[in-house]
There are 4 protein chains.
Amino acid sequence: MKKIPFLKKTNPVLDKSEQELGLSRKSNANQKRLIFDDGNFNVRRTGINPLNIASPFHWLITSSWTYFFAIVLGSYFMVNLFFTVLYYLVGVDQLAGHLGEDNWGKFLEAFFFSAQTLTTVGYGRISPAGLASNVIATFETLIGLLGFAVGTGIMYGRFSRPNANIIFSKNALIAPYKDGMSFQFRTANGRNNQLIEVEIQISFSWMDLENNKRQFNALKLETSKINFYPLNWTVVHVIDENTPLFGWSEEELKQRDVEVLVLFKAFDDVFSQTVHTRFSYKYHEIIWGAKFKPMFYVEENSQTILELDKASDYELTPLYSSID
Amino acid sequence: MKKIPFLKKTNPVLDKSEQELGLSRKSNANQKRLIFDDGNFNVRRTGINPLNIASPFHWLITSSWTYFFAIVLGSYFMVNLFFTVLYYLVGVDQLAGHLGEDNWGKFLEAFFFSAQTLTTVGYGRISPAGLASNVIATFETLIGLLGFAVGTGIMYGRFSRPNANIIFSKNALIAPYKDGMSFQFRTANGRNNQLIEVEIQISFSWMDLENNKRQFNALKLETSKINFYPLNWTVVHVIDENTPLFGWSEEELKQRDVEVLVLFKAFDDVFSQTVHTRFSYKYHEIIWGAKFKPMFYVEENSQTILELDKASDYELTPLYSSID
Amino acid sequence: MKKIPFLKKTNPVLDKSEQELGLSRKSNANQKRLIFDDGNFNVRRTGINPLNIASPFHWLITSSWTYFFAIVLGSYFMVNLFFTVLYYLVGVDQLAGHLGEDNWGKFLEAFFFSAQTLTTVGYGRISPAGLASNVIATFETLIGLLGFAVGTGIMYGRFSRPNANIIFSKNALIAPYKDGMSFQFRTANGRNNQLIEVEIQISFSWMDLENNKRQFNALKLETSKINFYPLNWTVVHVIDENTPLFGWSEEELKQRDVEVLVLFKAFDDVFSQTVHTRFSYKYHEIIWGAKFKPMFYVEENSQTILELDKASDYELTPLYSSID
Amino acid sequence: MKKIPFLKKTNPVLDKSEQELGLSRKSNANQKRLIFDDGNFNVRRTGINPLNIASPFHWLITSSWTYFFAIVLGSYFMVNLFFTVLYYLVGVDQLAGHLGEDNWGKFLEAFFFSAQTLTTVGYGRISPAGLASNVIATFETLIGLLGFAVGTGIMYGRFSRPNANIIFSKNALIAPYKDGMSFQFRTANGRNNQLIEVEIQISFSWMDLENNKRQFNALKLETSKINFYPLNWTVVHVIDENTPLFGWSEEELKQRDVEVLVLFKAFDDVFSQTVHTRFSYKYHEIIWGAKFKPMFYVEENSQTILELDKASDYELTPLYSSID
């Protein structure tokens with residue numbers, strides 16, 4: 001086998017879309033990864049009040065369930081405590097039916113009465129019987145209702161947030177394609193719901209060693225949009241003269257600190273909302289000379305079985321036909 | 001009558017859009033149907049944890065009302081039971097006002113007290129009177145409020161999910177069209193709400209018998225988007241040299257296991273959301289030589305009556321003009 | 001003045017978009033109006049179960065507030081009554097604390113207890129004290145919570161539904177335009193919120209008297225999309241050789257039963273949703289030879305005042321310059 | 001240095017998009033600013049009922065939290081008071097368990113009972129014991145539930161409304177660009193959430209002094225859409241022969257009362273909704289001959305630090321290369 005002597009482009013003419021990423025090109029070649037596995041960028045914001053950087057709703061919607069429940073429980077306790085202190089200050093004797101005998105017992109009864117008021121369960125064994133306690137309770141119930149209104153909204157926001165589970169192959173491949181070669185990776189919907197009008201756009205990030213600048217190019221895909229997405233989709237970028245990585249060797253991918261950024265976009269039929277996912281392949285995740293193994297088969301009852309655990313399976317294959 | 005001798009295309013040049021379906025072409029010719037009547041694909045996912053394949057919210061939103069209510073009732077009972085056991089363990093005597101005389105009676109009183117707490121109805125005949133029962137009740141009320149917050153969200157999600165009721169004619173027709181013929185089917189909005197900016201895209205799936213591969217082609221429509229949708233819409237694909245089914249006979253549709261996949265998309269004016277529906281016509285649902293009967297008329301008061309039950313009505317008609 | 005002798009087009013070549021309306025052309029010339037003032041079409045659906053035609057959520061979202069409250073009140077009463085009967089059947093003596101002395105009194109107490117249970121207010125003066133009444137109450141509270149969850153969702157759906165208040169001029173005008181003439185109407189946002197990316201598309205409906213068919217054409221607009229919409233927008237269709245109404249007289253508009261259908265689309269910045277409105281101008285609402293008067297002015301403090309009540313104000317103006 | 005003698009365009013050929021703003025050109029040259037800092041236009045609507053101009057939901061969603069809570073508290077108090085008066089009118093003796101001794105005491109007990117009913121806390125120390133009070137309470141609980149349903153919806157609407165925090169540089173710059181010059185400003189996402197598919201469109205507003213008319217032109221951007229937005233985006237309009245401000249001096253920007261209107265649009269990944277922001281640069285905010293300083297750097301751990309407080313930092317720079 002002999003490698004076809006691709007001409008190294010000395011002066012690549014980058015198109016306008018290279019700037020589409022909004023990333024400056026003066027960044028450092030040592031930067032490890034632009035997009036993390038969770039789809040976030042390796043960027044930290046400074047210089048303004050941290051409270052303004054984070055939107056509380058954003059945060060409550062996207063934080064983990066553990067953290068969320070801790071916040072809910074903590075707020076419940078703190079608000080309760082606040083009103084308990086108020087009842088205690090105006091005198092627990094204004095709470096008819098309380099069983100507290102000493103200060104601590106009275107405090108506890110006030111605390112539980114407060115909880116019963118805040119949640120509107122209102123058993124009534126303890127009930128407000130003076131003006132001050134009645135006013136506080138009237139106000140506390142309103143706070144409780146508003147608070148749980150917020151909680152209901154956030155719970156719904158968390159539940160109803162479309163969260164696609166898109167499976168990407170662990171590796172991208174440099175695979176044979178017709179007479180040349182191509183950059184490929186594979187995706188599949190990891191959920192049983194229907195995704196439609198699926199679009200993928202990829203950006204190619206590399207260090208221009210001559211100018212010591214990071215460059216960005218949009219890579220053209222063979223197919224960039226599909227209407228239905230029932231099985232897997234192998235995304236193909238043909239490597240020809242029009243693409244920046246034309247003629248590069250495996251070693252050059254590494255030298256140039258290559259990273260391929262993937263933007264996945266689809267319409268979720270259940271949520272009736274558009275879903276986005278980001279992903280990236282760093283040079284060491286790109287296999288040189290390989291092709292994907294099939295990941296589905298048709299059963300006798302004519303149902304197609306899609307094997308999601310095989311999404312990353314590939315086999316090595318020579319990239320160039322032997323010429324002499 | 002004589003069939004005009006269309007030339008059989010021996011080497012159809014498929015355009016790029018054939019790959020738009022994201023379905024591999026190596027699937028089995030015996031496969032019965034790609035899209036079921038409910039719009040789902042005949043595909044099963046395996047290989048990853050079933051819990052990850054199904055999103056609980058997706059499932060709660062799309063399951064039947066019977067199933068949904070069973071889940072709600074079951075959860076209500078189980079959570080209630082869990083707290084009942086807690087109250088029972090700390091001692092029912094901590095519940096002031098209970099009427100239970102024996103163990104079973106006490107258990108029942110604890111159960112009903114728990115239900116009154118979880119739902120925040122809190123009559124108060126039974127009320128927590130010890131530290132342990134008070135703590136459990138304080139926590140249970142919170143669980144109840146959060147649980148019903150989730151329930152409220154899911155109820156709203158189920159109700160507000162745009163569910164178009166698009167009527168498709170049972171059969172697609174091979175109908176005369178100008179000097180040639182066309183593939184037609186008919187749709188209408190089965191609801192009184194307004195759908196606007198309606199788009200239809202169709203994909204043509206068939207077995208390439210020479211290569212034993214399933215092929216997919218996008219079929220070009222005479223009109224693929226309409227702004228208003230007050231009456232019916234007869235979707236027309238003209239069969240000419242540019243279409244893969246040019247020159248095929250009725251028998252060939254069957255041999256090639258033809259299925260036409262329909263993607264319907266519109267904007268629902270009430271929900272302010274985009275609505276999608278999928279449908280498909282298998283070869284045996286395609287009538288050879290027929291045209292649709294009218295399905296509406298104008299009354300004397302000048303109102304147009306759209307007869308939805310006539311959406312599938314057609315009459316046979318010769319496809320080719322007699323030549324000799 | 002002399003009317004410029006426009007050539008009457010005898011065989012208008014209609015473009016593809018004429019079919020975009022999805023309305024058949026075989027409808028009756030007597031039809032009064034295609035789009036009502038509320039944006040609905042003059043079409044009635046028959047032939048399938050009326051329950052399937054109307055989506056209950058659609059209906060609850062779009063019905064009047066009076067009707068909606070009547071439904072809520074009626075359901076509340078009926079569900080309450082249903083449970084009252086159940087309590088009555090198992091014996092009101094299972095409700096501890098009731099004050100009913102005769103049957104009617106007991107029934108009333110059961111009714112009010114039921115209401116207190118359904119709404120979870122649960123005062124507790126009356127409380128369930130037997131197994132049967134406890135089971136019914138446990139179930140009723142759940143029904144109440146689910147019912148009010150639905151109510152909350154529908155209230156939110158009604159409130160949050162984007163309802164643009166777009167003002168259209170009462171009349172469309174045939175106005176002078178450069179050397180020729182144009183079809184014009186005027187719109188403005190009747191609300192203080194910001195609408196952006198505003199688009200208008202118009203369809204021209206007329207009777208083709210020679211073929212006794214109703215025809216539909218899309219009319220090309222001078223500008224069909226604007227980014228901002230702070231003031232009024234005068235929508236202009238230039239009448240030249242490419243438009244079907246080229247050369248028609250005022251009388252011909254009437255003979256051909258002309259109606260111009262308007263589809264308005266914008267993005268509402270508050271609701272973050274797309275808003276649509278439909279409107280139409282019938283031939284008798286089209287003024288021949290007129291132009292709109294200004295509807296805003298700039299105050300001394302440099303604020304612009306938009307006078308919404310002047311949206312329909314026009315003045316007559318000669319359409320053709322005197323030639324001899 | 002010598003200014004390159006750009007030719008002053010005497011008869012600029014404005015393209016169609018100049019009308020895209022929907023603003024008439026006959027407005028006054030004295031007008032100070034078209035878009036305020038909060039993104040609203042300097043326009044007031046008159047002529048129709050103020051109630052129709054403002055949508056209550058729009059208002060409740062967009063008003064300040066202080067105002068919103070005042071409205072909630074006020075409504076709570078007023079509705080409560082209304083029912084208190086009803087209970088008082090039918091006789092407080094119909095409320096079992098009340099502790100009121102004089103009229104004022106009875107009124108207070110009725111008030112607190114009403115609050116307990118409206119919020120469904122229903123302690124039960126006071127409970128309705130007559131027909132009239134029971135009927136009122138049954139109705140009041142329903143009102144309470146509906147009212148808090150509305151409140152829950154509005155709270156959710158306020159919380160879930162996507163509110164981008166886009167940072168714009170305080171000044172726009174006339175900066176050197178290749179051999180000529182350009183109009184530039186800089187933006188960055190002030191939040192940690194991901195914005196994708198970001199688009200910017202700008203409109204150029206100026207007084208045409210010869211015709212005493214305000215003109216609007218769309219300015220073409222070097223890049224008008226980016227897929228990712230992790231860092232800053234410097235928006236560039238190249239000043240060449242095709243742009244209306246070609247050849248103008250700093251003084252002419254002022255004479256012509258220039259204002260550049262910016263429409264920012266992006267997709268918010270957390271809210272799954274499209275976000276819009278408006279901004280504008282008045283002539284005195286445009287710096288003649290300057291370029292932006294970098295606002296990010298890469299740390300040793302290869303994380304990029306974006307310094308949001310430097311978004312407006314620029315340094316003066318000569319616009320024209322010295323020729324002789």
# chains A, B, ... in the order shown; residues from 1 in each chain; ligands from 1
>>> closest_atom_pairs(of="chain C", to="chain D", cutoff="8 Å", atoms="only C-alpha atoms", output="JSON lines")
{"residue": "C:Leu99", "atom": "CA", "partner": "D:Ala129", "partner_atom": "CA", "distance": 7.9}
{"residue": "C:Phe112", "atom": "CA", "partner": "D:Asn134", "partner_atom": "CA", "distance": 6.6}
{"residue": "C:Ala115", "atom": "CA", "partner": "D:Thr138", "partner_atom": "CA", "distance": 6.2}
{"residue": "C:Gln116", "atom": "CA", "partner": "D:Thr138", "partner_atom": "CA", "distance": 7.2}
{"residue": "C:Thr119", "atom": "CA", "partner": "D:Thr141", "partner_atom": "CA", "distance": 6.6}
{"residue": "C:Thr120", "atom": "CA", "partner": "D:Thr120", "partner_atom": "CA", "distance": 6.2}
{"residue": "C:Val121", "atom": "CA", "partner": "D:Thr120", "partner_atom": "CA", "distance": 3.9}
{"residue": "C:Gly122", "atom": "CA", "partner": "D:Gly122", "partner_atom": "CA", "distance": 5.8}
{"residue": "C:Tyr123", "atom": "CA", "partner": "D:Gly124", "partner_atom": "CA", "distance": 3.9}
{"residue": "C:Gly124", "atom": "CA", "partner": "D:Gly124", "partner_atom": "CA", "distance": 5.4}
{"residue": "C:Arg125", "atom": "CA", "partner": "D:Gly124", "partner_atom": "CA", "distance": 6.1}
{"residue": "C:Phe148", "atom": "CA", "partner": "D:Leu145", "partner_atom": "CA", "distance": 7.3}
{"residue": "C:Gly151", "atom": "CA", "partner": "D:Ala149", "partner_atom": "CA", "distance": 7.3}
{"residue": "C:Thr152", "atom": "CA", "partner": "D:Ala149", "partner_atom": "CA", "distance": 4.5}
{"residue": "C:Gly153", "atom": "CA", "partner": "D:Gly153", "partner_atom": "CA", "distance": 7.7}
{"residue": "C:Met155", "atom": "CA", "partner": "D:Val150", "partner_atom": "CA", "distance": 6.2}
{"residue": "C:Tyr156", "atom": "CA", "partner": "D:Gly153", "partner_atom": "CA", "distance": 4.9}
{"residue": "C:Phe159", "atom": "CA", "partner": "D:Phe57", "partner_atom": "CA", "distance": 6.3}
{"residue": "C:Ser160", "atom": "CA", "partner": "D:Phe57", "partner_atom": "CA", "distance": 7.0}
{"residue": "C:Gly190", "atom": "CA", "partner": "D:Ile53", "partner_atom": "CA", "distance": 5.6}
{"residue": "C:Arg191", "atom": "CA", "partner": "D:Ile53", "partner_atom": "CA", "distance": 4.3}
{"residue": "C:Asn192", "atom": "CA", "partner": "D:Ile53", "partner_atom": "CA", "distance": 6.0}
{"residue": "C:Asn193", "atom": "CA", "partner": "D:His58", "partner_atom": "CA", "distance": 7.4}
{"residue": "C:Gln194", "atom": "CA", "partner": "D:Asn40", "partner_atom": "CA", "distance": 7.6}
{"residue": "C:Thr223", "atom": "CA", "partner": "D:Glu20", "partner_atom": "CA", "distance": 7.2}
{"residue": "C:Lys225", "atom": "CA", "partner": "D:Glu20", "partner_atom": "CA", "distance": 6.8}
{"residue": "C:Ile226", "atom": "CA", "partner": "D:Glu20", "partner_atom": "CA", "distance": 4.3}
{"residue": "C:Asn227", "atom": "CA", "partner": "D:Leu21", "partner_atom": "CA", "distance": 6.0}
{"residue": "C:Phe228", "atom": "CA", "partner": "D:Leu21", "partner_atom": "CA", "distance": 5.3}
{"residue": "C:Tyr229", "atom": "CA", "partner": "D:Gly22", "partner_atom": "CA", "distance": 5.7}
{"residue": "C:Pro230", "atom": "CA", "partner": "D:Phe41", "partner_atom": "CA", "distance": 6.5}
{"residue": "C:Leu231", "atom": "CA", "partner": "D:Leu23", "partner_atom": "CA", "distance": 6.0}
{"residue": "C:Asn232", "atom": "CA", "partner": "D:Gly22", "partner_atom": "CA", "distance": 6.6}
{"residue": "C:Trp233", "atom": "CA", "partner": "D:Gly22", "partner_atom": "CA", "distance": 5.4}
{"residue": "C:Asp269", "atom": "CA", "partner": "D:His276", "partner_atom": "CA", "distance": 7.0}
{"residue": "C:Val270", "atom": "CA", "partner": "D:His58", "partner_atom": "CA", "distance": 6.5}
{"residue": "C:Phe271", "atom": "CA", "partner": "D:Arg161", "partner_atom": "CA", "distance": 7.5}
{"residue": "C:Ser272", "atom": "CA", "partner": "D:Thr274", "partner_atom": "CA", "distance": 6.5}
{"residue": "C:Tyr297", "atom": "CA", "partner": "D:Ser27", "partner_atom": "CA", "distance": 7.2}
{"residue": "C:Val298", "atom": "CA", "partner": "D:Asn28", "partner_atom": "CA", "distance": 6.3}
{"residue": "C:Asn301", "atom": "CA", "partner": "D:Gln31", "partner_atom": "CA", "distance": 7.7}
{"residue": "C:Ser302", "atom": "CA", "partner": "D:Gln31", "partner_atom": "CA", "distance": 4.3}
{"residue": "C:Gln303", "atom": "CA", "partner": "D:Asn42", "partner_atom": "CA", "distance": 5.6}
{"residue": "C:Thr304", "atom": "CA", "partner": "D:Val43", "partner_atom": "CA", "distance": 4.7}
{"residue": "C:Ile305", "atom": "CA", "partner": "D:Arg44", "partner_atom": "CA", "distance": 4.9}
{"residue": "C:Leu306", "atom": "CA", "partner": "D:Arg45", "partner_atom": "CA", "distance": 4.8}
{"residue": "C:Glu307", "atom": "CA", "partner": "D:Thr46", "partner_atom": "CA", "distance": 4.9}
{"residue": "C:Leu308", "atom": "CA", "partner": "D:Gly47", "partner_atom": "CA", "distance": 5.1}
{"residue": "C:Asp309", "atom": "CA", "partner": "D:Gly47", "partner_atom": "CA", "distance": 4.7}
{"residue": "C:Lys310", "atom": "CA", "partner": "D:Gly47", "partner_atom": "CA", "distance": 7.6}
>>> select_by_dssp(residues="stretch 224-314 of chain C", states="strand (DSSP E)", output="PyMOL selection string")
chain C and resi 225-226+232-239+259-268+273-282+286-288+290-292+296-298+304-307+314
>>> select_by_dssp(residues="stretch 112-254 of chain B", states="helix (DSSP H, G or I)", output="tab-separated table (two decimals) with N, CA, C and O atoms, in the first residue's frame")
chain	number	residue	atom	x	y	z
B	112	PHE	N	-55.52	7.01	57.78
B	112	PHE	CA	-56.37	8.13	57.36
B	112	PHE	C	-55.77	9.46	57.79
B	112	PHE	O	-55.87	10.45	57.08
B	113	PHE	N	-55.14	9.46	58.99
B	113	PHE	CA	-54.44	10.69	59.38
B	113	PHE	C	-53.33	11.02	58.38
B	113	PHE	O	-53.15	12.18	57.99
B	114	SER	N	-52.63	9.99	57.96
B	114	SER	CA	-51.56	10.20	57.00
B	114	SER	C	-52.12	10.78	55.69
B	114	SER	O	-51.55	11.73	55.13
B	115	ALA	N	-53.25	10.24	55.24
B	115	ALA	CA	-53.85	10.76	54.00
B	115	ALA	C	-54.26	12.21	54.19
B	115	ALA	O	-54.09	13.05	53.28
B	116	GLN	N	-54.81	12.54	55.36
B	116	GLN	CA	-55.23	13.92	55.62
B	116	GLN	C	-54.04	14.87	55.66
B	116	GLN	O	-54.15	16.05	55.35
B	117	THR	N	-52.90	14.33	56.04
B	117	THR	CA	-51.69	15.14	56.11
B	117	THR	C	-51.09	15.32	54.71
B	117	THR	O	-50.73	16.43	54.31
B	118	LEU	N	-51.01	14.22	53.98
B	118	LEU	CA	-50.40	14.25	52.65
B	118	LEU	C	-51.15	15.20	51.72
B	118	LEU	O	-50.56	15.91	50.91
B	131	LEU	N	-43.47	14.68	69.68
B	131	LEU	CA	-42.39	15.21	68.87
B	131	LEU	C	-42.22	14.39	67.59
B	131	LEU	O	-42.18	14.95	66.48
B	132	ALA	N	-42.16	13.07	67.74
B	132	ALA	CA	-41.90	12.22	66.58
B	132	ALA	C	-43.01	12.37	65.54
B	132	ALA	O	-42.74	12.54	64.34
B	133	SER	N	-44.26	12.27	65.97
B	133	SER	CA	-45.36	12.35	65.01
B	133	SER	C	-45.40	13.73	64.36
B	133	SER	O	-45.72	13.86	63.18
B	134	ASN	N	-45.06	14.75	65.13
B	134	ASN	CA	-45.03	16.10	64.56
B	134	ASN	C	-43.95	16.23	63.49
B	134	ASN	O	-44.17	16.83	62.44
B	135	VAL	N	-42.78	15.67	63.78
B	135	VAL	CA	-41.71	15.74	62.79
B	135	VAL	C	-42.10	15.00	61.52
B	135	VAL	O	-41.92	15.49	60.40
B	136	ILE	N	-42.64	13.80	61.69
B	136	ILE	CA	-43.05	13.02	60.51
B	136	ILE	C	-44.10	13.79	59.72
B	136	ILE	O	-44.04	13.89	58.49
B	137	ALA	N	-45.08	14.36	60.43
B	137	ALA	CA	-46.16	15.07	59.74
B	137	ALA	C	-45.62	16.30	59.00
B	137	ALA	O	-46.03	16.61	57.88
B	138	THR	N	-44.68	17.00	59.65
B	138	THR	CA	-44.08	18.18	59.01
B	138	THR	C	-43.42	17.79	57.69
B	138	THR	O	-43.52	18.49	56.68
B	139	PHE	N	-42.75	16.66	57.72
B	139	PHE	CA	-42.07	16.19	56.53
B	139	PHE	C	-43.07	15.66	55.50
B	139	PHE	O	-42.95	15.92	54.30
B	140	GLU	N	-44.09	14.94	55.99
B	140	GLU	CA	-45.05	14.34	55.05
B	140	GLU	C	-45.81	15.42	54.28
B	140	GLU	O	-46.10	15.28	53.10
B	141	THR	N	-46.16	16.53	54.97
B	141	THR	CA	-46.88	17.59	54.27
B	141	THR	C	-46.04	18.15	53.12
B	141	THR	O	-46.55	18.42	52.03
B	142	LEU	N	-44.74	18.30	53.39
B	142	LEU	CA	-43.85	18.80	52.34
B	142	LEU	C	-43.82	17.83	51.15
B	142	LEU	O	-43.95	18.24	49.98
B	143	ILE	N	-43.69	16.54	51.48
B	143	ILE	CA	-43.70	15.52	50.42
B	143	ILE	C	-45.01	15.61	49.63
B	143	ILE	O	-45.03	15.55	48.40
B	144	GLY	N	-46.11	15.77	50.37
B	144	GLY	CA	-47.42	15.86	49.70
B	144	GLY	C	-47.47	17.04	48.75
B	144	GLY	O	-47.88	16.91	47.59
B	145	LEU	N	-47.00	18.19	49.21
B	145	LEU	CA	-47.06	19.39	48.35
B	145	LEU	C	-46.18	19.22	47.12
B	145	LEU	O	-46.57	19.58	46.01
B	146	LEU	N	-44.99	18.67	47.32
B	146	LEU	CA	-44.10	18.47	46.17
B	146	LEU	C	-44.70	17.44	45.21
B	146	LEU	O	-44.67	17.61	43.99
B	147	GLY	N	-45.25	16.38	45.79
B	147	GLY	CA	-45.85	15.35	44.94
B	147	GLY	C	-46.99	15.90	44.11
B	147	GLY	O	-47.08	15.65	42.91
B	148	PHE	N	-47.85	16.68	44.73
B	148	PHE	CA	-48.96	17.22	43.97
B	148	PHE	C	-48.50	18.33	43.02
B	148	PHE	O	-49.14	18.59	42.01
B	149	ALA	N	-47.35	18.96	43.34
B	149	ALA	CA	-46.76	19.88	42.37
B	149	ALA	C	-46.38	19.12	41.10
B	149	ALA	O	-46.66	19.56	39.98
B	150	VAL	N	-45.74	17.97	41.28
B	150	VAL	CA	-45.39	17.14	40.13
B	150	VAL	C	-46.65	16.73	39.39
B	150	VAL	O	-46.74	16.82	38.16
B	151	GLY	N	-47.66	16.29	40.17
B	151	GLY	CA	-48.92	15.88	39.53
B	151	GLY	C	-49.55	17.00	38.73
B	151	GLY	O	-50.02	16.81	37.61
B	152	THR	N	-49.56	18.21	39.33
B	152	THR	CA	-50.13	19.36	38.62
B	152	THR	C	-49.40	19.60	37.31
B	152	THR	O	-50.00	19.80	36.25
B	153	GLY	N	-48.06	19.55	37.39
B	153	GLY	CA	-47.26	19.76	36.18
B	153	GLY	C	-47.56	18.73	35.12
B	153	GLY	O	-47.73	19.07	33.94
B	154	ILE	N	-47.66	17.48	35.52
B	154	ILE	CA	-47.87	16.43	34.52
B	154	ILE	C	-49.28	16.52	33.95
B	154	ILE	O	-49.49	16.35	32.74
B	155	MET	N	-50.26	16.81	34.80
B	155	MET	CA	-51.63	17.02	34.29
B	155	MET	C	-51.62	18.13	33.25
B	155	MET	O	-52.23	18.01	32.18
B	156	TYR	N	-50.94	19.23	33.56
B	156	TYR	CA	-50.89	20.33	32.61
B	156	TYR	C	-50.17	19.91	31.34
B	156	TYR	O	-50.61	20.21	30.23
B	157	GLY	N	-49.06	19.18	31.53
B	157	GLY	CA	-48.32	18.70	30.36
B	157	GLY	C	-49.18	17.82	29.47
B	157	GLY	O	-49.14	17.91	28.24
B	158	ARG	N	-49.99	16.95	30.08
B	158	ARG	CA	-50.85	16.07	29.29
B	158	ARG	C	-51.92	16.87	28.56
B	158	ARG	O	-52.20	16.63	27.40
B	159	PHE	N	-52.52	17.82	29.29
B	159	PHE	CA	-53.61	18.59	28.71
B	159	PHE	C	-53.11	19.52	27.61
B	159	PHE	O	-53.75	19.69	26.57
B	160	SER	N	-51.99	20.16	27.87
B	160	SER	CA	-51.56	21.22	26.96
B	160	SER	C	-50.72	20.70	25.82
B	160	SER	O	-50.28	21.46	24.98
B	250	GLU	N	-48.51	-1.64	-11.10
B	250	GLU	CA	-49.07	-1.94	-9.78
B	250	GLU	C	-48.34	-3.13	-9.16
B	250	GLU	O	-48.06	-3.14	-7.97
B	251	GLU	N	-48.04	-4.13	-10.01
B	251	GLU	CA	-47.38	-5.33	-9.52
B	251	GLU	C	-45.98	-5.01	-8.98
B	251	GLU	O	-45.54	-5.56	-7.97
B	252	GLU	N	-45.33	-4.08	-9.65
B	252	GLU	CA	-43.97	-3.73	-9.22
B	252	GLU	C	-43.96	-3.02	-7.87
B	252	GLU	O	-43.00	-3.13	-7.10
B	253	LEU	N	-45.02	-2.25	-7.59
B	253	LEU	CA	-45.11	-1.63	-6.27
B	253	LEU	C	-45.04	-2.70	-5.19
B	253	LEU	O	-44.39	-2.53	-4.17
B	254	LYS	N	-45.74	-3.82	-5.45
B	254	LYS	CA	-45.79	-4.90	-4.46
B	254	LYS	C	-44.44	-5.62	-4.38
B	254	LYS	O	-43.91	-5.85	-3.29
>>> residues_around(residues="C:Val92", least_positions_apart="3", cutoff="10 Å", atoms="only C-alpha atoms", output="list in words")
Thr84, Val85, Leu86, Tyr87, Tyr88, Leu89, Leu95, Ala96, His98, Gly100, Asn103, Lys106, Phe107, Glu109, Ala110, Pro128, Ala129, Gly130 and Ser133 of chain C
>>> atom_distance(atom1="atom CA of B:Asp208", atom2="atom CA of B:Ser249")
15.1 Å
